[in-house]
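Shown here: my_file_34.txt, compact mmCIF, C-alpha atoms.
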# COMPACT_ATOMS: atom_id res chain seq x y z
CA MET A 1 -80.44 -71.17 -37.23
CA ASN A 2 -78.38 -68.88 -39.40
CA VAL A 3 -74.67 -68.85 -40.14
CA ALA A 4 -72.09 -66.14 -40.84
CA VAL A 5 -68.80 -66.57 -42.70
CA ILE A 6 -65.50 -64.88 -41.79
CA VAL A 7 -62.52 -64.96 -44.15
CA ALA A 8 -59.10 -63.56 -43.20
CA SER A 9 -56.87 -62.99 -46.22
CA VAL A 10 -53.74 -61.27 -47.53
CA ASN A 11 -52.78 -60.93 -51.21
CA ARG A 12 -55.35 -63.41 -52.52
CA GLY A 13 -57.98 -61.36 -54.29
CA GLU A 14 -58.58 -63.99 -56.97
CA GLU A 15 -59.12 -66.74 -54.43
CA ILE A 16 -61.52 -64.58 -52.40
CA GLY A 17 -63.57 -63.98 -55.53
CA GLN A 18 -63.76 -67.72 -56.20
CA LEU A 19 -64.83 -68.44 -52.62
CA LEU A 20 -67.52 -65.74 -52.75
CA ALA A 21 -68.88 -67.28 -55.95
CA GLN A 22 -69.10 -70.66 -54.20
CA LEU A 23 -70.89 -69.11 -51.23
CA ASN A 24 -73.48 -67.80 -53.70
CA ARG A 25 -74.15 -71.43 -54.69
CA GLN A 26 -75.03 -72.53 -51.15
CA THR A 27 -78.40 -74.18 -50.51
CA LEU A 28 -78.53 -71.98 -47.39
CA ARG A 29 -77.27 -68.46 -47.95
CA PRO A 30 -75.08 -66.98 -45.21
CA ALA A 31 -76.63 -64.36 -42.97
CA LYS A 32 -73.42 -62.34 -43.18
CA ILE A 33 -70.03 -62.50 -44.92
CA ILE A 34 -67.06 -60.64 -43.44
CA LEU A 35 -63.77 -60.23 -45.30
CA SER A 36 -60.89 -59.25 -43.02
CA VAL A 37 -57.96 -57.96 -45.09
CA GLU A 38 -55.00 -55.62 -44.75
CA ARG A 39 -55.66 -53.31 -47.71
CA GLN A 40 -57.86 -52.71 -50.73
CA GLU A 41 -55.41 -54.56 -53.01
CA ASP A 42 -56.20 -57.82 -51.16
CA LEU A 43 -59.75 -57.83 -52.54
CA PRO A 44 -61.10 -59.05 -55.89
CA GLY A 45 -62.08 -56.49 -58.49
CA ALA A 46 -65.71 -56.38 -57.39
CA VAL A 47 -67.24 -57.19 -54.01
CA ASP A 48 -70.99 -57.35 -53.40
CA PRO A 49 -72.09 -54.35 -51.29
CA LEU A 50 -73.73 -56.79 -48.85
CA VAL A 51 -70.30 -58.26 -48.02
CA GLN A 52 -68.68 -56.44 -45.10
CA VAL A 53 -65.00 -55.57 -45.61
CA ILE A 54 -62.80 -54.63 -42.65
CA MET A 55 -59.15 -53.61 -42.91
CA GLY A 56 -56.24 -53.51 -40.49
CA ARG A 57 -52.76 -54.85 -39.83
CA LYS A 58 -52.05 -58.28 -41.25
CA GLY A 59 -51.69 -61.40 -39.11
CA LEU A 60 -54.14 -64.30 -39.11
CA THR A 61 -55.14 -64.04 -35.46
CA ALA A 62 -55.58 -60.26 -35.54
CA GLN A 63 -57.61 -60.45 -38.75
CA ARG A 64 -59.88 -63.17 -37.40
CA ASN A 65 -60.42 -61.21 -34.20
CA ARG A 66 -61.50 -58.15 -36.16
CA GLY A 67 -63.98 -60.40 -37.92
CA LEU A 68 -65.39 -61.59 -34.59
CA ASP A 69 -65.59 -58.01 -33.33
CA ALA A 70 -67.59 -57.04 -36.42
CA LEU A 71 -69.87 -60.09 -36.21
CA GLN A 72 -71.48 -59.26 -32.86
CA ASP A 73 -74.83 -61.11 -32.75
CA ALA A 74 -75.49 -61.30 -36.49
CA ALA A 75 -75.70 -65.13 -36.56
CA ASP A 76 -76.16 -68.22 -34.39
CA VAL A 77 -73.09 -69.93 -35.86
CA VAL A 78 -69.92 -68.53 -37.39
CA ILE A 79 -67.70 -70.47 -39.77
CA PHE A 80 -64.13 -69.55 -40.63
CA TYR A 81 -62.95 -70.46 -44.13
CA ASP A 82 -59.48 -70.02 -45.55
CA ASP A 83 -59.59 -67.91 -48.70
CA ASP A 84 -58.45 -70.94 -50.75
CA PHE A 85 -61.20 -73.21 -49.41
CA LEU A 86 -64.20 -74.24 -51.52
CA PRO A 87 -67.16 -75.57 -49.48
CA THR A 88 -69.62 -78.04 -50.91
CA PRO A 89 -72.98 -76.51 -51.95
CA THR A 90 -74.72 -77.89 -48.82
CA ALA A 91 -71.95 -76.97 -46.35
CA LEU A 92 -73.69 -74.09 -44.59
CA GLU A 93 -76.93 -76.03 -44.40
CA GLY A 94 -75.01 -78.90 -42.82
CA VAL A 95 -73.39 -76.55 -40.29
CA THR A 96 -76.75 -75.28 -39.04
CA ARG A 97 -78.22 -78.81 -38.89
CA LEU A 98 -75.29 -79.99 -36.78
CA PHE A 99 -75.50 -77.18 -34.21
CA ALA A 100 -79.30 -77.40 -34.02
CA LYS A 101 -79.18 -81.16 -33.42
CA TYR A 102 -76.43 -81.09 -30.76
CA PRO A 103 -76.88 -78.18 -28.31
CA ASP A 104 -73.74 -79.19 -26.38
CA ILE A 105 -71.43 -78.74 -29.39
CA VAL A 106 -69.60 -75.40 -29.28
CA GLY A 107 -67.06 -75.97 -32.07
CA ALA A 108 -66.62 -78.26 -35.05
CA THR A 109 -64.16 -78.92 -37.81
CA GLY A 110 -65.62 -80.18 -41.07
CA LEU A 111 -64.49 -82.84 -43.51
CA VAL A 112 -61.69 -81.85 -45.90
CA LEU A 113 -62.32 -83.84 -49.07
CA GLN A 114 -58.88 -83.01 -50.49
CA ASP A 115 -56.05 -80.96 -49.01
CA GLY A 116 -53.73 -79.26 -51.48
CA VAL A 117 -51.30 -78.25 -48.72
CA LYS A 118 -50.08 -81.85 -48.79
CA GLN A 119 -49.71 -82.02 -52.58
CA GLY A 120 -48.47 -78.64 -53.73
CA GLY A 121 -51.87 -77.11 -54.43
CA ILE A 122 -55.05 -78.08 -56.28
CA PRO A 123 -56.12 -76.10 -59.39
CA TYR A 124 -59.35 -74.15 -58.99
CA ASP A 125 -61.33 -76.08 -61.62
CA ALA A 126 -60.35 -79.45 -60.15
CA ALA A 127 -61.18 -78.34 -56.60
CA LEU A 128 -64.52 -76.91 -57.69
CA ALA A 129 -65.47 -80.15 -59.43
CA VAL A 130 -64.74 -82.18 -56.29
CA ALA A 131 -66.64 -79.76 -54.03
CA ASN A 132 -69.71 -79.57 -56.27
CA ALA A 133 -69.89 -83.36 -56.67
CA GLN A 134 -70.50 -83.70 -52.91
CA ARG A 135 -74.02 -82.41 -52.34
CA GLY A 136 -74.94 -84.44 -49.26
CA ALA A 137 -78.38 -85.59 -48.24
CA ALA A 138 -80.93 -83.52 -46.37
CA GLY A 139 -81.58 -84.94 -42.91
CA ALA A 140 -78.60 -87.31 -43.05
CA VAL A 141 -77.19 -88.80 -39.84
CA TYR A 142 -73.78 -87.20 -39.55
CA SER A 143 -70.68 -88.65 -37.94
CA VAL A 144 -69.56 -86.73 -34.87
CA ARG A 145 -66.27 -87.50 -33.10
CA PRO A 146 -64.88 -85.60 -30.08
CA VAL A 147 -61.49 -83.94 -30.71
CA ASP A 148 -59.24 -81.48 -28.90
CA GLU A 149 -58.21 -79.49 -31.96
CA LEU A 150 -59.71 -77.93 -35.08
CA TYR A 151 -58.46 -77.36 -38.63
CA GLY A 152 -58.49 -73.63 -39.29
CA CYS A 153 -59.40 -73.78 -42.98
CA ASN A 154 -62.90 -75.12 -42.23
CA MET A 155 -64.13 -74.65 -38.65
CA ALA A 156 -67.42 -73.50 -37.15
CA PHE A 157 -68.43 -72.18 -33.72
CA ARG A 158 -71.58 -71.44 -31.79
CA THR A 159 -71.41 -67.66 -31.49
CA SER A 160 -72.73 -67.66 -27.92
CA ALA A 161 -69.69 -69.75 -26.93
CA VAL A 162 -67.05 -67.55 -28.59
CA ARG A 163 -68.51 -64.17 -27.73
CA ASP A 164 -65.84 -63.61 -25.05
CA LEU A 165 -63.03 -65.59 -26.75
CA ARG A 166 -60.43 -64.33 -29.19
CA PHE A 167 -57.52 -65.80 -31.14
CA ASP A 168 -54.16 -65.26 -29.47
CA GLU A 169 -52.46 -62.33 -31.18
CA LYS A 170 -49.13 -63.35 -29.66
CA LEU A 171 -49.15 -65.92 -32.49
CA PRO A 172 -48.24 -63.53 -35.35
CA LEU A 173 -48.18 -63.79 -39.16
CA TYR A 174 -49.33 -67.25 -40.32
CA ALA A 175 -50.02 -68.01 -36.60
CA TRP A 176 -49.19 -71.72 -36.77
CA GLN A 177 -51.39 -73.78 -34.36
CA GLU A 178 -53.72 -70.88 -33.60
CA ASP A 179 -56.68 -73.16 -34.35
CA VAL A 180 -55.48 -75.71 -31.77
CA ASP A 181 -55.08 -72.95 -29.19
CA PHE A 182 -58.58 -71.62 -29.86
CA ALA A 183 -60.04 -75.12 -29.52
CA GLY A 184 -58.18 -75.53 -26.24
CA GLN A 185 -59.92 -72.44 -24.88
CA LEU A 186 -63.27 -73.59 -26.23
CA LEU A 187 -63.15 -77.04 -24.60
CA ARG A 188 -63.91 -75.39 -21.29
CA LYS A 189 -67.35 -74.45 -22.63
CA GLY A 190 -68.60 -77.61 -24.32
CA ARG A 191 -67.95 -80.29 -26.90
CA VAL A 192 -65.54 -79.80 -29.80
CA VAL A 193 -65.95 -82.32 -32.63
CA LYS A 194 -64.87 -83.45 -36.05
CA THR A 195 -67.77 -84.14 -38.40
CA ASN A 196 -68.80 -84.79 -41.99
CA ALA A 197 -71.87 -82.58 -41.55
CA PHE A 198 -70.08 -79.97 -43.66
CA ALA A 199 -67.20 -80.37 -46.07
CA GLY A 200 -65.11 -78.85 -48.82
CA VAL A 201 -61.76 -78.76 -50.60
CA HIS A 202 -58.69 -76.94 -49.27
CA ARG A 203 -56.76 -75.91 -52.37
CA GLY A 204 -53.48 -75.16 -50.56
CA VAL A 205 -52.53 -72.07 -52.58
CA SER A 206 -48.90 -71.23 -51.81
CA LYS A 207 -48.86 -67.44 -52.25
CA GLY A 208 -49.30 -65.48 -49.05
CA ARG A 209 -47.85 -68.18 -46.79
CA SER A 210 -44.97 -67.65 -44.38
CA PRO A 211 -41.47 -68.37 -45.78
CA GLY A 212 -39.67 -71.52 -44.67
CA LEU A 213 -37.47 -69.86 -42.04
CA ALA A 214 -40.40 -68.25 -40.24
CA LEU A 215 -42.57 -71.36 -40.34
CA GLY A 216 -39.72 -73.54 -39.10
CA PHE A 217 -39.23 -71.21 -36.13
CA SER A 218 -42.96 -71.37 -35.33
CA GLN A 219 -42.93 -75.18 -35.56
CA MET A 220 -40.72 -75.23 -32.46
CA VAL A 221 -41.68 -72.13 -30.49
CA ASN A 222 -45.47 -72.08 -30.90
CA PRO A 223 -46.05 -75.56 -29.35
CA ALA A 224 -43.77 -74.66 -26.43
CA TYR A 225 -45.74 -71.46 -25.91
CA LEU A 226 -49.08 -73.29 -26.00
CA VAL A 227 -47.87 -75.84 -23.45
CA ARG A 228 -46.95 -73.00 -21.12
CA LYS A 229 -50.35 -71.43 -21.78
CA GLY A 230 -52.17 -74.70 -21.10
CA THR A 231 -53.92 -75.19 -24.44
CA MET A 232 -51.66 -78.01 -25.72
CA ARG A 233 -50.56 -81.15 -23.91
CA PRO A 234 -46.76 -81.51 -23.43
CA LYS A 235 -46.71 -84.96 -25.07
CA LYS A 236 -48.54 -83.68 -28.13
CA ALA A 237 -46.22 -80.67 -28.40
CA ALA A 238 -43.11 -82.85 -28.15
CA LEU A 239 -44.37 -85.23 -30.85
CA LEU A 240 -45.33 -82.35 -33.12
CA MET A 241 -41.95 -80.68 -32.75
CA ALA A 242 -40.02 -83.94 -33.24
CA ARG A 243 -42.03 -84.90 -36.32
CA ASN A 244 -41.47 -81.56 -38.02
CA LEU A 245 -37.80 -81.45 -37.10
CA ALA A 246 -37.26 -84.92 -38.57
CA ALA A 247 -39.34 -84.29 -41.70
CA ASN A 248 -37.58 -81.03 -42.55
CA HIS A 249 -34.10 -82.54 -42.20
CA VAL A 250 -34.80 -85.81 -44.01
CA ARG A 251 -36.69 -84.19 -46.88
CA ALA A 252 -34.13 -81.39 -47.23
CA LEU A 253 -32.03 -83.97 -49.09
CA LYS A 254 -34.68 -84.11 -51.80
CA PRO A 255 -37.20 -81.34 -51.07
CA GLU A 256 -40.64 -80.96 -52.57
CA PRO A 257 -40.67 -78.12 -55.13
CA PHE A 258 -43.38 -76.30 -53.16
CA ILE A 259 -41.73 -76.48 -49.69
CA ASP A 260 -38.62 -74.66 -48.48
CA ARG A 261 -37.25 -77.54 -46.37
CA LEU A 262 -33.82 -75.97 -45.82
CA GLY A 263 -35.44 -72.76 -44.60
CA ARG A 264 -37.72 -74.68 -42.28
CA ALA A 265 -34.82 -76.74 -40.91
CA ARG A 266 -32.83 -73.58 -40.20
CA GLY A 267 -35.89 -72.05 -38.55
CA ASN A 268 -36.30 -75.20 -36.43
CA TRP A 269 -32.81 -74.77 -35.00
CA LEU A 270 -33.35 -71.07 -34.35
CA GLY A 271 -36.55 -71.98 -32.54
CA LEU A 272 -34.87 -74.68 -30.46
CA TRP A 273 -32.08 -72.28 -29.49
CA HIS A 274 -34.75 -69.75 -28.49
CA ILE A 275 -36.44 -72.37 -26.26
CA LEU A 276 -33.15 -73.58 -24.74
CA SER A 277 -32.34 -69.99 -23.81
CA GLY A 278 -35.38 -70.10 -21.54
CA LYS A 279 -37.89 -68.37 -23.83
CA SER A 280 -41.02 -69.34 -25.72
CA ASP A 281 -42.10 -66.11 -27.39
CA PRO A 282 -43.82 -66.60 -30.77
CA THR A 283 -43.49 -62.89 -31.57
CA ALA A 284 -39.70 -63.31 -31.84
CA ILE A 285 -40.46 -64.49 -35.38
CA LEU A 286 -40.89 -60.83 -36.32
CA SER A 287 -37.17 -60.15 -35.75
CA LEU A 288 -35.79 -63.16 -37.66
CA ARG A 289 -33.21 -62.49 -40.36

What is this file in structure tokens?
Amino acid sequence: MNVAVIVASVNRGEEIGQLLAQLNRQTLRPAKIILSVERQEDLPGAVDPLVQVIMGRKGLTAQRNRGLDALQDAADVVIFYDDDFLPTPTALEGVTRLFAKYPDIVGATGLVLQDGVKQGGIPYDAALAVANAQRGAAGAVYSVRPVDELYGCNMAFRTSAVRDLRFDEKLPLYAWQEDVDFAGQLLRKGRVVKTNAFAGVHRGVSKGRSPGLALGFSQMVNPAYLVRKGTMRPKKAALLMARNLAANHVRALKPEPFIDRLGRARGNWLGLWHILSGKSDPTAILSLR
């Protein structure tokens, strides 16, 4: 089996360069690497000619879809990495072993050794040290647990299963919960799992993320939209919305320095008002003021 890598990115040239360097350290080299960006300025200073660069309007779902369009049949498995993710040196080898061993698996989310999103970011050197310390063992028996969602920073798919699927471009910008929606579509085709067959560190770089107001709006509207679409259970959506609403209001009293809690709380209320008015349109985020 061979594996391709797709990276969607905006304004993170340095991080892309660091990820590309880590992909060069893989025990199994990728069959193809696709960088989906908005403009030339999003790229590092030098990109290997073998890396395919595609450009177009920004938005995580649109950029990932352009990557899938460009992939065609270049690999048996495709893995999506966030630009601030650093895989372990054996990650791609582990991906191919997993999909070769379990023909019924169509999608998988790997192990996140550390997640900087929850701690204000992890410096590159520290993240690299953690990733490179986890080399794994060839032929290991991996843990595989069925799930109904994937974590977008580190998720892999059998290309034959996603050939006719695309990320929902009605989820614009940061596209919160787009990975859950994609998994919901994929469950109709086979097993979706969480595994330690492949792993890495999510640095949680803050630049390039949606501002608090926009994310807060999406935290309410996107789950409501996915319930209507049928890719998220109503109970799960309600719990997700309630948890974020509570967290943003409680922590606004003493916010983390790397999170705009007041902006998120305001966005939550704008999103709830949008839903109560009988709508659930994620693209309304584009007209927020």

inquiry  = Taking all atoms listed in the file into account, name the residue in A:Val221, A:Leu253, A:Leu186, A:Leu288 that is nearest to Ile275 (chain A).
reply    =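 The answer is A:Val221, which sits nearest to Ile275 (chain A).
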
request  = Using all atoms listed in the file, find the one residue out of A:Glu178, A:Asp76, A:Glu169, A:Asp83 that sits nearest to Ala21 (chain A).
outcome  =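 Under the stated criterion, the closest residue is A:Asp83.
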
ask   = CA of Val77 (chain A) and CA of Val201 (chain A) are how many Å apart?
value =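 CA of Val201 (chain A) lies at a distance of 20.6 Å from CA of Val77 (chain A).
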
message = Counting all atoms listed in the file, which residue out of A:Pro123, A:Pro49, A:Gly267, A:Gly152 sits closest to Leu111 (chain A)?
response =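 Checking each candidate against Leu111 (chain A), we get A:Gly152 as the closest.
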
Selected residue, from A:Ala183, A:Val192, A:Ile54, A:Ala100, that lies nearest to Val144 (chain A) when counting all atoms listed in the file =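 Answer, going by the shortest atom-to-atom distance: A:Val192.
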
inquiry  = Counting all atoms listed in the file, which residues have an atom no more than 10 Å from (-34.2, -78.7, -47.3) in the file's coordinates? Please list them as an MDAnalysis selection string.
reply    = chainID A and resid 212 247:256 259:266

ask   = Near region 154-163 of chain A, within 6 Å and counting all atoms listed in the file, which residues show up once chain neighbours fewer than 6 positions away are dropped, as a PyMOL selection string?
value = chain A and resi 76-81+106-110

request  = Return the single residue from A:Leu171, A:Ile6, A:Leu60, A:Leu98 that is closest to Ser280 (chain A), with distances computed using all atoms listed in the file.
outcome  =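 Result for the nearest residue to Ser280 (chain A): A:Leu171.
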